[in-house]
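Okay, so here's the structure we're looking at.
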Amino acid sequence: MPEADGIGGLSAHLVQSGPIPLDARLSVPRGELHALIGPSGSGKTTILRALAGLYRPRDGRIICAGETWFAAQGGIDLPPQRRRVGLVFQHYALFPHLSAENNVAAALGHVPRGERAAKARALLAQMGLADLAARLPATLSGGEQQRVALARALARSPALLLLDEPFAALDARTRRHLRQELAYLGQRVTIPIVLVTHDLEEAAALAGRMTVLAGGRTLQSGAPAAIMARPASLEVAKVVDLQNLFEGRIAGNEAGETVIAWRGATIRAAPAAFPPGSAVAWTVAPASITLHAGKIAETSANVVSGRIGEVAVLPGIARIVFRADDAPDAVFVFPRPPPGIGPDLPRPGDAATIAFAAEAVHVMPLTA
Amino acid sequence: MDWIAFSLSLRLAMATAAILLPLGILAGRALAWSRFPGKGLAQSFLALPLVLPPSVLGYYLLVAFGSASPLGAIWQKFTGHPLVFSFSGLLLASFLVNLPFAVQPIERAFAAIAPDIREAAFVSGLSRWASFWRIELPLAWPGLLAAFVLTFAHTMGEFGVVLMVGGGIPGETRTIAIAIYDRAQTLDGSGAGTMSLLLLAFALVALGLVQGLTGRIGRRYG
């Protein structure tokens, strides 16, 4: 994990046993949009609030832009007013009695009084809200309110920008639009941005790196694609809702491959350092699975025979559900080209065989 | 029409509301946002004047204010005149009787402010004081207005406690409600009727004002 604080980024370690258990490490260099992902109740919002100074954990430290904001051992705990932090609340928390312009101006306390109005209007104009400056929040749409909240968060010239499920309350179209804007913002600003979300697709679309969280513990950090391909544990794989996830036991290592005993069959995987007999989880990337009608001849790949379950045709892609013969609850899901492109799609109920190479199988421990 | 009693009632109502408003803000805000042991008990005590018969409350206050009580004795020693049957005693009684009318609307108004609005103020760099003046008070002000008007109108009409503690001395403790009672007792129907009508109109205007203003604020802020 890169040490981010030395170059003006965020480095945080938050620990406590209760009331909300935390053991979270977060490292976000400048200019990185970092997603904090986990199921509800995993402590995402608590971590965000601790970073903003709205929640005080028992132990740990927070360093941002070279400045110590919190150090339990040193007795340092800067109030939110003294942390240069911008926070976009899940429900925006705009001041309902103030116009959009005055909402933004309220966060411009560090700017001389005479310049606040012009600065607030400029920030709103950057968000495409120049015409709405005089409007009260209640008269703005959800997407507009969110952009006012973002303008207010940026008004302080923050050293850290925090976004708490910023798209949760929006309709799909507005969400897509604002995601693009946020991606663009992420490229422009040079501060660390932490985005809290439970939506993996959102994290993958926006974040350079992400940290996976469960029960207040950070389990793994890395590029979304890397975590999806090689989750550190079954726990991580479940949080990122990985498909084709199975549990087995290490049978041994032979010919440079790790062999897993799985439901009476053996699965060959890329070499992994587990002692024989240990309980493990394994996954295979959907795109690495090939589909064959009927039985296929002996190959060096892993072969599982079974039947086609469901076939779902989505825009630009088809998704096949395959149930293994020996274990009908063992379900593989993988993509195929849509009808009209490539071979015909199988029909539900067809007998079939799937194959995947040992290198495509990732083995992981059950817990990190 | 007893203008002396009317002006006394106005003075009493104005002073009661003026004293209760800042204290109501302190107490209402604390009750809305703080958690402390005995909070439920404090809320019950504050609400007591709403359910207790005014004569019962008046009796206890009369005993507490009397020169035989510590409070009455200290008052007598420092001011040279007794607390009971004086305007000061009336004001103190009025203050206590009106606590729920001031505190409860203010408590509800502060409780209605979402916690993340306050946190947003802190994160925007506003100090606690600035957040109070610029965010909390403007949002709570329909509650403050309701507290002021209710306290004022209720003091104008208070009878039982005022009679027990004040005794109805003209120009000192005889409020308009007592004047109405006296007129009715002496079978002066027209005097009692005029003053009653005045109080009725007063109460209606006050409540209409609160309803109208708070409704408009509610619609504007969504």
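Residue names in the structure tokens use chain letters A, B, ... in the order shown, residue numbers from 1 in each chain, and ligand numbers from 1 in the order shown.
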
Find the residues of chain A that sit at most 8 Å from chain B; for each, write down the nearest two atoms and how far apart they are in Å, to one decimal. Count only C-alpha atoms. Sort by chain, then by number going up, and give it as a tab-separated table.
```
residue	atom	partner	partner_atom	distance
A:Ala52	CA	B:Val123	CA	7.0
A:Leu54	CA	B:Glu119	CA	7.1
A:Pro80	CA	B:Val123	CA	5.2
A:Gln81	CA	B:Gly125	CA	4.2
A:Arg82	CA	B:Gly125	CA	7.2
A:Val85	CA	B:Val123	CA	6.8
A:Gly86	CA	B:Val123	CA	6.7
A:Leu87	CA	B:Val123	CA	6.8
A:Phe89	CA	B:Asp116	CA	7.6
A:Ala93	CA	B:Ile117	CA	5.0
A:Leu94	CA	B:Ile117	CA	6.8
A:Phe95	CA	B:Ile117	CA	6.5
A:Pro96	CA	B:Tyr221	CA	5.4
A:His97	CA	B:Tyr221	CA	6.2
A:Ala106	CA	B:Ser124	CA	6.9
A:Ala107	CA	B:Ser124	CA	4.4
A:Leu108	CA	B:Ser124	CA	7.8
A:Gly109	CA	B:Gly125	CA	6.8
A:Leu136	CA	B:Tyr221	CA	7.4
A:Pro137	CA	B:Tyr221	CA	7.5
A:Ala138	CA	B:Gly222	CA	5.2
A:Arg152	CA	B:Ser124	CA	7.4
A:Ala153	CA	B:Ser124	CA	7.0
A:Arg156	CA	B:Ser124	CA	7.0
```

Export of prior selection with C-alpha atoms as a PDB file, in the first residue's frame:
```pdb
ATOM      1  CA  ALA A  52     -14.451  14.794   8.467  1.00  0.00           C
ATOM      2  CA  LEU A  54     -17.765  14.432  12.935  1.00  0.00           C
ATOM      3  CA  PRO A  80     -14.386  19.746  11.369  1.00  0.00           C
ATOM      4  CA  GLN A  81     -13.986  23.515  11.056  1.00  0.00           C
ATOM      5  CA  ARG A  82     -10.205  23.178  11.175  1.00  0.00           C
ATOM      6  CA  VAL A  85     -12.447  18.882   4.153  1.00  0.00           C
ATOM      7  CA  GLY A  86     -15.394  18.990   1.783  1.00  0.00           C
ATOM      8  CA  LEU A  87     -18.202  16.544   2.448  1.00  0.00           C
ATOM      9  CA  PHE A  89     -23.818  14.212   2.402  1.00  0.00           C
ATOM     10  CA  ALA A  93     -27.926  18.465   3.735  1.00  0.00           C
ATOM     11  CA  LEU A  94     -28.308  21.799   1.971  1.00  0.00           C
ATOM     12  CA  PHE A  95     -29.373  24.668   4.228  1.00  0.00           C
ATOM     13  CA  PRO A  96     -33.083  24.837   3.326  1.00  0.00           C
ATOM     14  CA  HIS A  97     -33.525  28.540   4.116  1.00  0.00           C
ATOM     15  CA  ALA A 106     -21.693  29.816   3.700  1.00  0.00           C
ATOM     16  CA  ALA A 107     -18.629  27.648   3.103  1.00  0.00           C
ATOM     17  CA  LEU A 108     -16.526  30.606   1.942  1.00  0.00           C
ATOM     18  CA  GLY A 109     -15.707  31.933   5.410  1.00  0.00           C
ATOM     19  CA  LEU A 136     -34.032  27.681  -2.603  1.00  0.00           C
ATOM     20  CA  PRO A 137     -32.986  23.999  -2.355  1.00  0.00           C
ATOM     21  CA  ALA A 138     -36.604  22.780  -2.166  1.00  0.00           C
ATOM     22  CA  ARG A 152     -20.415  23.902  -1.397  1.00  0.00           C
ATOM     23  CA  ALA A 153     -17.987  21.087  -0.569  1.00  0.00           C
ATOM     24  CA  ARG A 156     -13.577  25.565   1.129  1.00  0.00           C
TER      25      ARG A 156
END
```

Within 8 Å of Phe322 of chain A using only C-alpha atoms, minus same-chain residues under 3 positions, as a short mmCIF file (atom, residue, chain, number, x, y, z; two decimals) with N, CA and C atoms, in the first residue's frame:
```cif
data_model
loop_
_atom_site.label_atom_id
_atom_site.label_comp_id
_atom_site.auth_asym_id
_atom_site.auth_seq_id
_atom_site.Cartn_x
_atom_site.Cartn_y
_atom_site.Cartn_z
N GLY A 306 -22.73 -30.51 -17.44
CA GLY A 306 -23.98 -30.17 -16.76
C GLY A 306 -25.03 -29.75 -17.76
N ARG A 307 -25.92 -28.87 -17.34
CA ARG A 307 -27.00 -28.42 -18.21
C ARG A 307 -27.11 -26.90 -18.18
N ILE A 308 -27.63 -26.37 -19.29
CA ILE A 308 -27.87 -24.93 -19.36
C ILE A 308 -29.08 -24.61 -18.46
N GLY A 309 -28.92 -23.62 -17.61
CA GLY A 309 -30.03 -23.15 -16.79
C GLY A 309 -30.79 -22.07 -17.52
N GLU A 310 -30.51 -20.85 -17.21
CA GLU A 310 -31.21 -19.75 -17.89
C GLU A 310 -30.30 -19.11 -18.92
N VAL A 331 -23.42 -23.21 -9.51
CA VAL A 331 -23.89 -22.45 -10.67
C VAL A 331 -22.75 -21.62 -11.24
N PHE A 332 -22.51 -21.79 -12.53
CA PHE A 332 -21.53 -20.95 -13.23
C PHE A 332 -22.29 -19.95 -14.09
N VAL A 333 -21.80 -18.73 -14.10
CA VAL A 333 -22.41 -17.71 -14.95
C VAL A 333 -21.31 -17.14 -15.84
#
```

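Every protein or nucleic acid residue with an atom no more than 8 Å from Leu62 of chain B, counting only C-alpha atoms and leaving out same-chain residues fewer than 3 positions away, appears here: Gly58, Tyr59, Phe65, Gly66, Val84, Met164 and Val165 of chain B.
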
Take the residues that were just selected and, keeping C-alpha atoms, output them as an mmCIF file, in the first residue's frame.
```
data_model
loop_
_atom_site.group_PDB
_atom_site.id
_atom_site.type_symbol
_atom_site.label_atom_id
_atom_site.label_comp_id
_atom_site.auth_asym_id
_atom_site.auth_seq_id
_atom_site.Cartn_x
_atom_site.Cartn_y
_atom_site.Cartn_z
ATOM 1 C CA GLY B 58 -51.159 28.860 42.460
ATOM 2 C CA TYR B 59 -51.410 27.406 45.946
ATOM 3 C CA PHE B 65 -43.417 32.941 47.673
ATOM 4 C CA GLY B 66 -44.823 33.678 51.174
ATOM 5 C CA VAL B 84 -46.679 37.662 47.061
ATOM 6 C CA MET B 164 -53.887 33.021 43.930
ATOM 7 C CA VAL B 165 -50.456 34.667 43.815
#
```

So that each row is one residue of segment 36-103 of chain B with an atom at most 6 Å from segment 12-29 of chain B, can you give its shortest atom pair and the distance in Å to one decimal, using only C-alpha atoms, rows by chain and rising number, as a tab-separated table?
```
residue	atom	partner	partner_atom	distance
B:Phe95	CA	B:Thr16	CA	5.6
B:Ala102	CA	B:Gly24	CA	5.6
B:Val103	CA	B:Gly24	CA	4.7
```

Can you tell me, as a PDB file with C-alpha atoms, in the first residue's frame, what residues are no more than 12 Å from Pro105 of chain B when counting only C-alpha atoms, ignoring any on the same chain fewer than 6 positions away?
```
ATOM      1  CA  LEU B  21     -37.793  33.357  24.889  1.00  0.00           C
ATOM      2  CA  GLY B  24     -36.733  28.665  26.089  1.00  0.00           C
ATOM      3  CA  ILE B  25     -34.131  28.612  23.315  1.00  0.00           C
ATOM      4  CA  ALA B  27     -33.716  24.730  27.312  1.00  0.00           C
ATOM      5  CA  GLY B  28     -35.546  23.692  24.131  1.00  0.00           C
ATOM      6  CA  ARG B  29     -32.333  23.253  22.158  1.00  0.00           C
ATOM      7  CA  LEU B  31     -33.784  19.015  25.272  1.00  0.00           C
ATOM      8  CA  ALA B  32     -33.948  18.500  21.513  1.00  0.00           C
ATOM      9  CA  ALA B  47     -44.983  20.036  31.149  1.00  0.00           C
ATOM     10  CA  ASN B  98     -45.648  29.486  30.917  1.00  0.00           C
ATOM     11  CA  LEU B  99     -42.507  27.317  30.736  1.00  0.00           C
ATOM     12  CA  ALA B 111     -35.697  18.619  16.925  1.00  0.00           C
ATOM     13  CA  ALA B 112     -37.036  19.089  13.381  1.00  0.00           C
ATOM     14  CA  ALA B 140     -36.178  27.180  14.184  1.00  0.00           C
ATOM     15  CA  TRP B 141     -37.788  30.595  14.068  1.00  0.00           C
ATOM     16  CA  PRO B 142     -41.386  29.469  13.418  1.00  0.00           C
ATOM     17  CA  GLY B 143     -41.013  27.593  16.716  1.00  0.00           C
ATOM     18  CA  LEU B 144     -39.619  30.697  18.428  1.00  0.00           C
ATOM     19  CA  LEU B 145     -42.485  32.780  17.084  1.00  0.00           C
ATOM     20  CA  ALA B 146     -45.009  30.196  18.253  1.00  0.00           C
ATOM     21  CA  ALA B 147     -43.366  30.152  21.690  1.00  0.00           C
ATOM     22  CA  PHE B 148     -43.496  33.946  21.955  1.00  0.00           C
ATOM     23  CA  VAL B 149     -47.087  34.273  20.799  1.00  0.00           C
ATOM     24  CA  LEU B 150     -48.375  31.358  22.883  1.00  0.00           C
ATOM     25  CA  THR B 151     -46.629  32.630  26.006  1.00  0.00           C
ATOM     26  CA  VAL B 210     -48.570  31.667  14.118  1.00  0.00           C
ATOM     27  CA  THR B 214     -45.255  28.823  10.117  1.00  0.00           C
TER      28      THR B 214
END
```
